[in-house]
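What follows is upload-v7.cif (mmCIF, N, CA and C atoms).
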```
data_protein
#
loop_
_atom_site.group_PDB
_atom_site.id
_atom_site.type_symbol
_atom_site.label_atom_id
_atom_site.label_comp_id
_atom_site.auth_asym_id
_atom_site.auth_seq_id
_atom_site.Cartn_x
_atom_site.Cartn_y
_atom_site.Cartn_z
ATOM 1 N N ASN A 1 90.265 154.819 104.665
ATOM 2 C CA ASN A 1 88.857 154.467 104.598
ATOM 3 C C ASN A 1 88.510 153.600 105.811
ATOM 4 N N LEU A 2 87.714 154.132 106.733
ATOM 5 C CA LEU A 2 87.359 153.422 107.954
ATOM 6 C C LEU A 2 86.055 152.657 107.781
ATOM 7 N N ASN A 3 85.994 151.499 108.399
ATOM 8 C CA ASN A 3 84.736 150.768 108.516
ATOM 9 C C ASN A 3 84.717 150.073 109.868
ATOM 10 N N VAL A 4 83.582 149.529 110.227
ATOM 11 C CA VAL A 4 83.412 148.939 111.562
ATOM 12 C C VAL A 4 84.349 147.750 111.760
ATOM 13 N N SER A 5 84.581 146.950 110.719
ATOM 14 C CA SER A 5 85.480 145.798 110.847
ATOM 15 C C SER A 5 86.900 146.238 111.181
ATOM 16 N N ARG A 6 87.352 147.299 110.550
ATOM 17 C CA ARG A 6 88.713 147.788 110.832
ATOM 18 C C ARG A 6 88.817 148.312 112.260
ATOM 19 N N LEU A 7 87.793 149.016 112.736
ATOM 20 C CA LEU A 7 87.799 149.495 114.116
ATOM 21 C C LEU A 7 87.827 148.331 115.099
ATOM 22 N N ALA A 8 87.172 147.232 114.759
ATOM 23 C CA ALA A 8 87.207 146.044 115.622
ATOM 24 C C ALA A 8 88.609 145.452 115.653
ATOM 25 N N ARG A 9 89.280 145.404 114.505
ATOM 26 C CA ARG A 9 90.652 144.892 114.474
ATOM 27 C C ARG A 9 91.600 145.772 115.280
ATOM 28 N N LEU A 10 91.328 147.081 115.332
ATOM 29 C CA LEU A 10 92.149 147.999 116.119
ATOM 30 C C LEU A 10 91.838 147.918 117.615
ATOM 31 N N GLY A 11 90.776 147.196 117.967
ATOM 32 C CA GLY A 11 90.407 147.036 119.370
ATOM 33 C C GLY A 11 89.552 148.167 119.905
ATOM 34 N N LEU A 12 89.070 149.054 119.022
ATOM 35 C CA LEU A 12 88.254 150.171 119.470
ATOM 36 C C LEU A 12 86.850 149.725 119.866
ATOM 37 N N VAL A 13 86.288 148.779 119.114
ATOM 38 C CA VAL A 13 84.958 148.265 119.408
ATOM 39 C C VAL A 13 84.967 146.746 119.294
ATOM 40 N N GLN A 14 83.931 146.137 119.828
ATOM 41 C CA GLN A 14 83.746 144.693 119.720
ATOM 42 C C GLN A 14 82.445 144.452 118.962
ATOM 43 N N ILE A 15 82.499 143.682 117.902
ATOM 44 C CA ILE A 15 81.335 143.418 117.068
ATOM 45 C C ILE A 15 80.633 142.153 117.555
ATOM 46 N N THR A 16 79.321 142.215 117.614
ATOM 47 C CA THR A 16 78.517 141.052 117.946
ATOM 48 C C THR A 16 78.090 140.409 116.633
ATOM 49 N N THR A 17 78.449 139.163 116.423
ATOM 50 C CA THR A 17 78.222 138.532 115.127
ATOM 51 C C THR A 17 76.753 138.285 114.830
ATOM 52 N N ARG A 18 75.897 138.142 115.836
ATOM 53 C CA ARG A 18 74.477 137.890 115.596
ATOM 54 C C ARG A 18 73.779 139.097 114.983
ATOM 55 N N THR A 19 74.213 140.292 115.324
ATOM 56 C CA THR A 19 73.557 141.502 114.853
ATOM 57 C C THR A 19 74.542 142.311 114.019
ATOM 58 N N PRO A 20 74.334 142.424 112.726
ATOM 59 C CA PRO A 20 75.296 143.134 111.883
ATOM 60 C C PRO A 20 75.462 144.600 112.267
ATOM 61 N N HIS A 21 76.676 145.074 112.246
ATOM 62 C CA HIS A 21 77.027 146.472 112.475
ATOM 63 C C HIS A 21 76.642 146.966 113.860
ATOM 64 N N THR A 22 76.528 146.072 114.798
ATOM 65 C CA THR A 22 76.239 146.423 116.182
ATOM 66 C C THR A 22 77.529 146.327 116.983
ATOM 67 N N VAL A 23 77.747 147.297 117.865
ATOM 68 C CA VAL A 23 78.957 147.269 118.684
ATOM 69 C C VAL A 23 78.578 147.257 120.160
ATOM 70 N N ARG A 24 79.463 146.688 120.962
ATOM 71 C CA ARG A 24 79.272 146.652 122.411
ATOM 72 C C ARG A 24 80.084 147.801 123.002
ATOM 73 N N LEU A 25 79.396 148.684 123.728
ATOM 74 C CA LEU A 25 80.034 149.825 124.361
ATOM 75 C C LEU A 25 79.735 149.814 125.853
ATOM 76 N N VAL A 26 80.555 150.496 126.616
ATOM 77 C CA VAL A 26 80.375 150.617 128.058
ATOM 78 C C VAL A 26 79.861 152.028 128.349
ATOM 79 N N VAL A 27 78.816 152.124 129.145
ATOM 80 C CA VAL A 27 78.232 153.416 129.496
ATOM 81 C C VAL A 27 79.188 154.152 130.436
ATOM 82 N N ALA A 28 79.430 155.436 130.126
ATOM 83 C CA ALA A 28 80.269 156.293 130.963
ATOM 84 C C ALA A 28 79.589 157.653 131.090
ATOM 85 N N ARG A 29 79.999 158.425 132.089
ATOM 86 C CA ARG A 29 79.370 159.715 132.367
ATOM 87 C C ARG A 29 80.156 160.838 131.714
ATOM 88 N N LEU A 30 79.423 161.799 131.154
ATOM 89 C CA LEU A 30 79.994 162.984 130.534
ATOM 90 C C LEU A 30 79.163 164.172 130.987
ATOM 91 N N GLU A 31 79.808 165.208 131.491
ATOM 92 C CA GLU A 31 79.085 166.381 131.973
ATOM 93 C C GLU A 31 78.731 167.330 130.848
ATOM 94 N N GLY A 32 77.542 167.904 130.934
ATOM 95 C CA GLY A 32 77.158 169.021 130.105
ATOM 96 C C GLY A 32 76.735 168.729 128.681
ATOM 97 N N SER A 33 76.312 167.537 128.355
ATOM 98 C CA SER A 33 75.886 167.245 126.992
ATOM 99 C C SER A 33 74.511 166.613 127.005
ATOM 100 N N ALA A 34 73.621 167.150 126.177
ATOM 101 C CA ALA A 34 72.277 166.574 126.094
ATOM 102 C C ALA A 34 72.273 165.317 125.229
ATOM 103 N N GLU A 35 73.161 165.260 124.237
ATOM 104 C CA GLU A 35 73.226 164.122 123.336
ATOM 105 C C GLU A 35 74.202 163.067 123.850
ATOM 106 N N ALA A 36 73.954 161.841 123.448
ATOM 107 C CA ALA A 36 74.920 160.774 123.706
ATOM 108 C C ALA A 36 76.145 161.052 122.841
ATOM 109 N N ARG A 37 77.302 160.659 123.295
ATOM 110 C CA ARG A 37 78.540 160.840 122.543
ATOM 111 C C ARG A 37 79.198 159.485 122.342
ATOM 112 N N ILE A 38 79.657 159.239 121.105
ATOM 113 C CA ILE A 38 80.440 158.046 120.817
ATOM 114 C C ILE A 38 81.679 158.469 120.053
ATOM 115 N N ASP A 39 82.604 157.551 119.921
ATOM 116 C CA ASP A 39 83.872 157.847 119.268
ATOM 117 C C ASP A 39 83.659 158.366 117.856
ATOM 118 N N SER A 40 84.391 159.408 117.502
ATOM 119 C CA SER A 40 84.215 160.038 116.190
ATOM 120 C C SER A 40 84.562 159.094 115.040
ATOM 121 N N GLN A 41 85.522 158.201 115.232
ATOM 122 C CA GLN A 41 85.873 157.250 114.170
ATOM 123 C C GLN A 41 84.742 156.251 113.924
ATOM 124 N N LEU A 42 84.120 155.789 114.993
ATOM 125 C CA LEU A 42 82.991 154.867 114.845
ATOM 126 C C LEU A 42 81.828 155.556 114.145
ATOM 127 N N LEU A 43 81.503 156.770 114.553
ATOM 128 C CA LEU A 43 80.403 157.500 113.940
ATOM 129 C C LEU A 43 80.689 157.766 112.456
ATOM 130 N N ARG A 44 81.924 158.116 112.128
ATOM 131 C CA ARG A 44 82.297 158.358 110.736
ATOM 132 C C ARG A 44 82.201 157.072 109.911
ATOM 133 N N ALA A 45 82.612 155.941 110.475
ATOM 134 C CA ALA A 45 82.534 154.659 109.771
ATOM 135 C C ALA A 45 81.089 154.271 109.509
ATOM 136 N N TRP A 46 80.231 154.411 110.518
ATOM 137 C CA TRP A 46 78.820 154.109 110.328
ATOM 138 C C TRP A 46 78.207 155.008 109.266
ATOM 139 N N ARG A 47 78.507 156.315 109.325
ATOM 140 C CA ARG A 47 77.909 157.253 108.368
ATOM 141 C C ARG A 47 78.417 157.014 106.953
ATOM 142 N N SER A 48 79.668 156.581 106.801
ATOM 143 C CA SER A 48 80.161 156.285 105.456
ATOM 144 C C SER A 48 79.480 155.039 104.889
ATOM 145 N N HIS A 49 79.075 154.125 105.760
ATOM 146 C CA HIS A 49 78.414 152.893 105.322
ATOM 147 C C HIS A 49 76.904 153.077 105.137
ATOM 148 N N PHE A 50 76.249 153.736 106.104
ATOM 149 C CA PHE A 50 74.786 153.839 106.111
ATOM 150 C C PHE A 50 74.254 155.179 105.627
ATOM 151 N N GLY A 51 75.097 156.201 105.543
ATOM 152 C CA GLY A 51 74.628 157.541 105.222
ATOM 153 C C GLY A 51 74.325 158.304 106.502
ATOM 154 N N PRO A 52 73.818 159.521 106.363
ATOM 155 C CA PRO A 52 73.589 160.356 107.545
ATOM 156 C C PRO A 52 72.471 159.811 108.445
ATOM 157 N N PHE A 53 72.683 159.948 109.739
ATOM 158 C CA PHE A 53 71.668 159.629 110.744
ATOM 159 C C PHE A 53 71.970 160.464 111.972
ATOM 160 N N ALA A 54 70.975 160.710 112.802
ATOM 161 C CA ALA A 54 71.135 161.578 113.966
ATOM 162 C C ALA A 54 70.964 160.846 115.294
ATOM 163 N N GLN A 55 70.466 159.603 115.246
ATOM 164 C CA GLN A 55 70.212 158.862 116.477
ATOM 165 C C GLN A 55 70.817 157.472 116.408
ATOM 166 N N VAL A 56 71.061 156.918 117.598
ATOM 167 C CA VAL A 56 71.474 155.523 117.699
ATOM 168 C C VAL A 56 70.431 154.781 118.522
ATOM 169 N N GLU A 57 70.408 153.481 118.340
ATOM 170 C CA GLU A 57 69.572 152.625 119.175
ATOM 171 C C GLU A 57 70.489 151.920 120.156
ATOM 172 N N VAL A 58 70.053 151.851 121.395
ATOM 173 C CA VAL A 58 70.843 151.279 122.481
ATOM 174 C C VAL A 58 70.034 150.162 123.112
ATOM 175 N N ARG A 59 70.601 148.955 123.104
ATOM 176 C CA ARG A 59 69.907 147.813 123.701
ATOM 177 C C ARG A 59 70.501 147.530 125.061
ATOM 178 N N THR A 60 69.638 147.552 126.072
ATOM 179 C CA THR A 60 70.036 147.170 127.425
ATOM 180 C C THR A 60 69.509 145.760 127.661
ATOM 181 N N GLU A 61 69.445 145.334 128.894
ATOM 182 C CA GLU A 61 69.024 143.968 129.197
ATOM 183 C C GLU A 61 67.645 143.633 128.631
ATOM 184 N N ASN A 62 66.701 144.569 128.738
ATOM 185 C CA ASN A 62 65.332 144.214 128.372
ATOM 186 C C ASN A 62 64.606 145.266 127.531
ATOM 187 N N ARG A 63 65.325 146.251 127.001
ATOM 188 C CA ARG A 63 64.658 147.284 126.218
ATOM 189 C C ARG A 63 65.605 147.905 125.209
ATOM 190 N N ILE A 64 65.020 148.581 124.237
ATOM 191 C CA ILE A 64 65.793 149.282 123.213
ATOM 192 C C ILE A 64 65.428 150.756 123.281
ATOM 193 N N LEU A 65 66.435 151.599 123.422
ATOM 194 C CA LEU A 65 66.261 153.045 123.529
ATOM 195 C C LEU A 65 66.757 153.718 122.261
ATOM 196 N N GLN A 66 66.180 154.853 121.917
ATOM 197 C CA GLN A 66 66.693 155.688 120.843
ATOM 198 C C GLN A 66 67.154 156.991 121.462
ATOM 199 N N MET A 67 68.347 157.448 121.061
ATOM 200 C CA MET A 67 68.846 158.705 121.587
ATOM 201 C C MET A 67 69.687 159.439 120.552
ATOM 202 N N PRO A 68 69.636 160.786 120.562
ATOM 203 C CA PRO A 68 70.466 161.563 119.650
ATOM 204 C C PRO A 68 71.941 161.352 119.977
ATOM 205 N N VAL A 69 72.780 161.434 118.941
ATOM 206 C CA VAL A 69 74.186 161.137 119.121
ATOM 207 C C VAL A 69 75.055 162.178 118.428
ATOM 208 N N GLU A 70 76.215 162.439 119.024
ATOM 209 C CA GLU A 70 77.236 163.305 118.447
ATOM 210 C C GLU A 70 78.580 162.621 118.595
ATOM 211 N N ALA A 71 79.557 163.099 117.835
ATOM 212 C CA ALA A 71 80.909 162.537 117.875
ATOM 213 C C ALA A 71 81.707 163.131 119.029
ATOM 214 N N LYS A 72 82.611 162.334 119.567
ATOM 215 C CA LYS A 72 83.559 162.774 120.605
ATOM 216 C C LYS A 72 84.903 162.151 120.281
ATOM 217 N N SER A 73 85.927 162.955 120.117
ATOM 218 C CA SER A 73 87.264 162.451 119.802
ATOM 219 C C SER A 73 87.789 161.581 120.936
ATOM 220 N N ASN A 74 88.421 160.491 120.564
ATOM 221 C CA ASN A 74 89.082 159.579 121.505
ATOM 222 C C ASN A 74 88.171 159.076 122.618
ATOM 223 N N ALA A 75 86.914 158.820 122.304
ATOM 224 C CA ALA A 75 85.981 158.295 123.310
ATOM 225 C C ALA A 75 86.224 156.816 123.570
ATOM 226 N N GLY A 76 86.840 156.137 122.604
ATOM 227 C CA GLY A 76 87.084 154.709 122.772
ATOM 228 C C GLY A 76 85.783 153.929 122.786
ATOM 229 N N PRO A 77 85.776 152.759 123.415
ATOM 230 C CA PRO A 77 84.580 151.904 123.405
ATOM 231 C C PRO A 77 83.572 152.300 124.483
ATOM 232 N N GLN A 78 83.189 153.582 124.491
ATOM 233 C CA GLN A 78 82.276 154.077 125.511
ATOM 234 C C GLN A 78 81.100 154.799 124.885
ATOM 235 N N LEU A 79 79.958 154.706 125.535
ATOM 236 C CA LEU A 79 78.789 155.513 125.240
ATOM 237 C C LEU A 79 78.721 156.551 126.352
ATOM 238 N N LEU A 80 79.026 157.793 126.025
ATOM 239 C CA LEU A 80 79.101 158.849 127.022
ATOM 240 C C LEU A 80 77.753 159.547 127.152
ATOM 241 N N LEU A 81 77.248 159.621 128.380
ATOM 242 C CA LEU A 81 75.945 160.221 128.659
ATOM 243 C C LEU A 81 76.046 161.177 129.834
ATOM 244 N N SER A 82 75.208 162.198 129.826
ATOM 245 C CA SER A 82 75.146 163.117 130.963
ATOM 246 C C SER A 82 74.470 162.420 132.144
ATOM 247 N N SER A 83 74.607 163.004 133.313
ATOM 248 C CA SER A 83 73.957 162.446 134.508
ATOM 249 C C SER A 83 72.446 162.412 134.333
ATOM 250 N N ASP A 84 71.894 163.459 133.728
ATOM 251 C CA ASP A 84 70.448 163.498 133.491
ATOM 252 C C ASP A 84 70.011 162.375 132.560
ATOM 253 N N ALA A 85 70.786 162.136 131.492
ATOM 254 C CA ALA A 85 70.446 161.066 130.546
ATOM 255 C C ALA A 85 70.564 159.696 131.204
ATOM 256 N N LEU A 86 71.578 159.520 132.053
ATOM 257 C CA LEU A 86 71.713 158.249 132.775
ATOM 258 C C LEU A 86 70.470 157.989 133.620
ATOM 259 N N PHE A 87 70.031 159.014 134.337
ATOM 260 C CA PHE A 87 68.850 158.883 135.189
ATOM 261 C C PHE A 87 67.587 158.664 134.351
ATOM 262 N N PHE A 88 67.408 159.470 133.293
ATOM 263 C CA PHE A 88 66.213 159.401 132.462
ATOM 264 C C PHE A 88 66.064 158.033 131.792
ATOM 265 N N HIS A 89 67.174 157.472 131.294
ATOM 266 C CA HIS A 89 67.131 156.194 130.590
ATOM 267 C C HIS A 89 67.354 154.998 131.514
ATOM 268 N N ASN A 90 67.543 155.261 132.816
ATOM 269 C CA ASN A 90 67.761 154.210 133.805
ATOM 270 C C ASN A 90 68.973 153.346 133.435
ATOM 271 N N LEU A 91 70.079 154.014 133.101
ATOM 272 C CA LEU A 91 71.343 153.339 132.792
ATOM 273 C C LEU A 91 72.333 153.629 133.910
ATOM 274 N N ARG A 92 73.355 152.815 134.016
ATOM 275 C CA ARG A 92 74.359 153.023 135.052
ATOM 276 C C ARG A 92 75.764 152.991 134.441
ATOM 277 N N VAL A 93 76.660 153.716 135.047
ATOM 278 C CA VAL A 93 78.049 153.757 134.592
ATOM 279 C C VAL A 93 78.645 152.363 134.703
ATOM 280 N N GLY A 94 79.352 151.932 133.664
ATOM 281 C CA GLY A 94 79.969 150.617 133.645
ATOM 282 C C GLY A 94 79.110 149.541 133.003
ATOM 283 N N GLN A 95 77.860 149.846 132.714
ATOM 284 C CA GLN A 95 76.947 148.891 132.091
ATOM 285 C C GLN A 95 77.321 148.702 130.624
ATOM 286 N N GLU A 96 77.322 147.459 130.154
ATOM 287 C CA GLU A 96 77.579 147.182 128.741
ATOM 288 C C GLU A 96 76.255 147.207 127.984
ATOM 289 N N VAL A 97 76.279 147.869 126.826
ATOM 290 C CA VAL A 97 75.089 147.971 125.983
ATOM 291 C C VAL A 97 75.485 147.693 124.533
ATOM 292 N N LEU A 98 74.508 147.295 123.734
ATOM 293 C CA LEU A 98 74.711 147.147 122.293
ATOM 294 C C LEU A 98 74.186 148.401 121.625
ATOM 295 N N VAL A 99 74.955 148.926 120.665
ATOM 296 C CA VAL A 99 74.609 150.195 120.010
ATOM 297 C C VAL A 99 74.704 150.024 118.503
ATOM 298 N N TRP A 100 73.748 150.603 117.766
ATOM 299 C CA TRP A 100 73.790 150.596 116.313
ATOM 300 C C TRP A 100 73.054 151.847 115.813
ATOM 301 N N PRO A 101 73.294 152.228 114.555
ATOM 302 C CA PRO A 101 72.640 153.424 114.009
ATOM 303 C C PRO A 101 71.140 153.228 113.900
ATOM 304 N N SER A 102 70.398 154.282 114.173
ATOM 305 C CA SER A 102 68.942 154.273 113.996
ATOM 306 C C SER A 102 68.665 154.840 112.618
ATOM 307 N N LEU A 103 68.270 153.980 111.712
ATOM 308 C CA LEU A 103 68.084 154.388 110.315
ATOM 309 C C LEU A 103 66.631 154.593 109.955
#
```
I'd like the structure from this file rewritten - as structure tokens, please.
Amino acid sequence: NLNVSRLARLGLVQITTRTPHTVRLVVARLEGSAEARIDSQLLRAWRSHFGPFAQVEVRTENRILQMPVEAKSNAGPQLLLSSDALFFHNLRVGQEVLVWPSL
């Protein structure tokens, strides 16, 4: 039975204590996908806790974005985005963002 706390203990994600169920991820590039991709274990843990959802909210320095999300095996602590999505959302590879389910 996976949950976000267990994933944090495994070192897969880092939890921010001010915002419940929010994780800090690093933006990385992924070719050929319209949707954002996050680790399948994290997505499964969130869905077991919150129920089904199709989008995540991503907080950058000064704004909050909503984007569709899919699972990616062994993605680790990364938010994987296509080059087009990086450009469209004005994000850069290596940038740290806060991510949580959009309910």
DSSP-assigned strand (DSSP E or B) members of range 44-80 of chain A, reported as a list in words: Gln55, Val56, Glu57, Val58, Arg59, Ile64, Leu65, Gln66, Met67, Pro68, Val69, Glu70, Ala71, Lys72, Gln78, Leu79 and Leu80 of chain A
9 Å contact set for range 87-99 of chain A, only C-alpha atoms, chain neighbours under 6 positions out, as a ChimeraX atom specification: /A:16,21-29,56-61,65,78-79
Convert the current residue selection to file output with N, CA and C atoms, as a JSON list (two decimals), in the coordinates of the input.
```json
[["chain", "number", "residue", "atom", "x", "y", "z"],
["A", 16, "THR", "N", 79.32, 142.22, 117.61],
["A", 16, "THR", "CA", 78.52, 141.05, 117.95],
["A", 16, "THR", "C", 78.09, 140.41, 116.63],
["A", 21, "HIS", "N", 76.68, 145.07, 112.25],
["A", 21, "HIS", "CA", 77.03, 146.47, 112.48],
["A", 21, "HIS", "C", 76.64, 146.97, 113.86],
["A", 22, "THR", "N", 76.53, 146.07, 114.80],
["A", 22, "THR", "CA", 76.24, 146.42, 116.18],
["A", 22, "THR", "C", 77.53, 146.33, 116.98],
["A", 23, "VAL", "N", 77.75, 147.30, 117.86],
["A", 23, "VAL", "CA", 78.96, 147.27, 118.68],
["A", 23, "VAL", "C", 78.58, 147.26, 120.16],
["A", 24, "ARG", "N", 79.46, 146.69, 120.96],
["A", 24, "ARG", "CA", 79.27, 146.65, 122.41],
["A", 24, "ARG", "C", 80.08, 147.80, 123.00],
["A", 25, "LEU", "N", 79.40, 148.68, 123.73],
["A", 25, "LEU", "CA", 80.03, 149.82, 124.36],
["A", 25, "LEU", "C", 79.74, 149.81, 125.85],
["A", 26, "VAL", "N", 80.56, 150.50, 126.62],
["A", 26, "VAL", "CA", 80.38, 150.62, 128.06],
["A", 26, "VAL", "C", 79.86, 152.03, 128.35],
["A", 27, "VAL", "N", 78.82, 152.12, 129.15],
["A", 27, "VAL", "CA", 78.23, 153.42, 129.50],
["A", 27, "VAL", "C", 79.19, 154.15, 130.44],
["A", 28, "ALA", "N", 79.43, 155.44, 130.13],
["A", 28, "ALA", "CA", 80.27, 156.29, 130.96],
["A", 28, "ALA", "C", 79.59, 157.65, 131.09],
["A", 29, "ARG", "N", 80.00, 158.43, 132.09],
["A", 29, "ARG", "CA", 79.37, 159.72, 132.37],
["A", 29, "ARG", "C", 80.16, 160.84, 131.71],
["A", 56, "VAL", "N", 71.06, 156.92, 117.60],
["A", 56, "VAL", "CA", 71.47, 155.52, 117.70],
["A", 56, "VAL", "C", 70.43, 154.78, 118.52],
["A", 57, "GLU", "N", 70.41, 153.48, 118.34],
["A", 57, "GLU", "CA", 69.57, 152.62, 119.18],
["A", 57, "GLU", "C", 70.49, 151.92, 120.16],
["A", 58, "VAL", "N", 70.05, 151.85, 121.40],
["A", 58, "VAL", "CA", 70.84, 151.28, 122.48],
["A", 58, "VAL", "C", 70.03, 150.16, 123.11],
["A", 59, "ARG", "N", 70.60, 148.96, 123.10],
["A", 59, "ARG", "CA", 69.91, 147.81, 123.70],
["A", 59, "ARG", "C", 70.50, 147.53, 125.06],
["A", 60, "THR", "N", 69.64, 147.55, 126.07],
["A", 60, "THR", "CA", 70.04, 147.17, 127.42],
["A", 60, "THR", "C", 69.51, 145.76, 127.66],
["A", 61, "GLU", "N", 69.44, 145.33, 128.89],
["A", 61, "GLU", "CA", 69.02, 143.97, 129.20],
["A", 61, "GLU", "C", 67.64, 143.63, 128.63],
["A", 65, "LEU", "N", 66.44, 151.60, 123.42],
["A", 65, "LEU", "CA", 66.26, 153.04, 123.53],
["A", 65, "LEU", "C", 66.76, 153.72, 122.26],
["A", 78, "GLN", "N", 83.19, 153.58, 124.49],
["A", 78, "GLN", "CA", 82.28, 154.08, 125.51],
["A", 78, "GLN", "C", 81.10, 154.80, 124.88],
["A", 79, "LEU", "N", 79.96, 154.71, 125.54],
["A", 79, "LEU", "CA", 78.79, 155.51, 125.24],
["A", 79, "LEU", "C", 78.72, 156.55, 126.35]]
```
Selection near Leu30 in chain A, 12 Å with only C-alpha atoms, sequence-local residues under 6 positions removed, as JSON, numbers by chain: {"A": [36, 37, 38, 72, 75, 78, 79, 80, 81, 82, 83, 84, 85, 86, 93]}
Filtered DSSP result for chain A, state helix (DSSP H, G or I), as a PyMOL selection string: chain A and resi 4-9+40-50+83-89
File of the preceding selection, N, CA and C atoms, as a CSV table (one decimal), keeping the file's coordinate frame:
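This is the output file again-v4.csv:
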```csv
chain,number,residue,atom,x,y,z
A,4,VAL,N,83.6,149.5,110.2
A,4,VAL,CA,83.4,148.9,111.6
A,4,VAL,C,84.3,147.8,111.8
A,5,SER,N,84.6,147.0,110.7
A,5,SER,CA,85.5,145.8,110.8
A,5,SER,C,86.9,146.2,111.2
A,6,ARG,N,87.4,147.3,110.6
A,6,ARG,CA,88.7,147.8,110.8
A,6,ARG,C,88.8,148.3,112.3
A,7,LEU,N,87.8,149.0,112.7
A,7,LEU,CA,87.8,149.5,114.1
A,7,LEU,C,87.8,148.3,115.1
A,8,ALA,N,87.2,147.2,114.8
A,8,ALA,CA,87.2,146.0,115.6
A,8,ALA,C,88.6,145.5,115.7
A,9,ARG,N,89.3,145.4,114.5
A,9,ARG,CA,90.7,144.9,114.5
A,9,ARG,C,91.6,145.8,115.3
A,40,SER,N,84.4,159.4,117.5
A,40,SER,CA,84.2,160.0,116.2
A,40,SER,C,84.6,159.1,115.0
A,41,GLN,N,85.5,158.2,115.2
A,41,GLN,CA,85.9,157.2,114.2
A,41,GLN,C,84.7,156.3,113.9
A,42,LEU,N,84.1,155.8,115.0
A,42,LEU,CA,83.0,154.9,114.8
A,42,LEU,C,81.8,155.6,114.1
A,43,LEU,N,81.5,156.8,114.6
A,43,LEU,CA,80.4,157.5,113.9
A,43,LEU,C,80.7,157.8,112.5
A,44,ARG,N,81.9,158.1,112.1
A,44,ARG,CA,82.3,158.4,110.7
A,44,ARG,C,82.2,157.1,109.9
A,45,ALA,N,82.6,155.9,110.5
A,45,ALA,CA,82.5,154.7,109.8
A,45,ALA,C,81.1,154.3,109.5
A,46,TRP,N,80.2,154.4,110.5
A,46,TRP,CA,78.8,154.1,110.3
A,46,TRP,C,78.2,155.0,109.3
A,47,ARG,N,78.5,156.3,109.3
A,47,ARG,CA,77.9,157.3,108.4
A,47,ARG,C,78.4,157.0,107.0
A,48,SER,N,79.7,156.6,106.8
A,48,SER,CA,80.2,156.3,105.5
A,48,SER,C,79.5,155.0,104.9
A,49,HIS,N,79.1,154.1,105.8
A,49,HIS,CA,78.4,152.9,105.3
A,49,HIS,C,76.9,153.1,105.1
A,50,PHE,N,76.2,153.7,106.1
A,50,PHE,CA,74.8,153.8,106.1
A,50,PHE,C,74.3,155.2,105.6
A,83,SER,N,74.6,163.0,133.3
A,83,SER,CA,74.0,162.4,134.5
A,83,SER,C,72.4,162.4,134.3
A,84,ASP,N,71.9,163.5,133.7
A,84,ASP,CA,70.4,163.5,133.5
A,84,ASP,C,70.0,162.4,132.6
A,85,ALA,N,70.8,162.1,131.5
A,85,ALA,CA,70.4,161.1,130.5
A,85,ALA,C,70.6,159.7,131.2
A,86,LEU,N,71.6,159.5,132.1
A,86,LEU,CA,71.7,158.2,132.8
A,86,LEU,C,70.5,158.0,133.6
A,87,PHE,N,70.0,159.0,134.3
A,87,PHE,CA,68.8,158.9,135.2
A,87,PHE,C,67.6,158.7,134.4
A,88,PHE,N,67.4,159.5,133.3
A,88,PHE,CA,66.2,159.4,132.5
A,88,PHE,C,66.1,158.0,131.8
A,89,HIS,N,67.2,157.5,131.3
A,89,HIS,CA,67.1,156.2,130.6
A,89,HIS,C,67.4,155.0,131.5
```
Between CA of Asp39 in chain A and CA of Leu2 in chain A - distance in Å to one decimal: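 The value is 12.6 Å.
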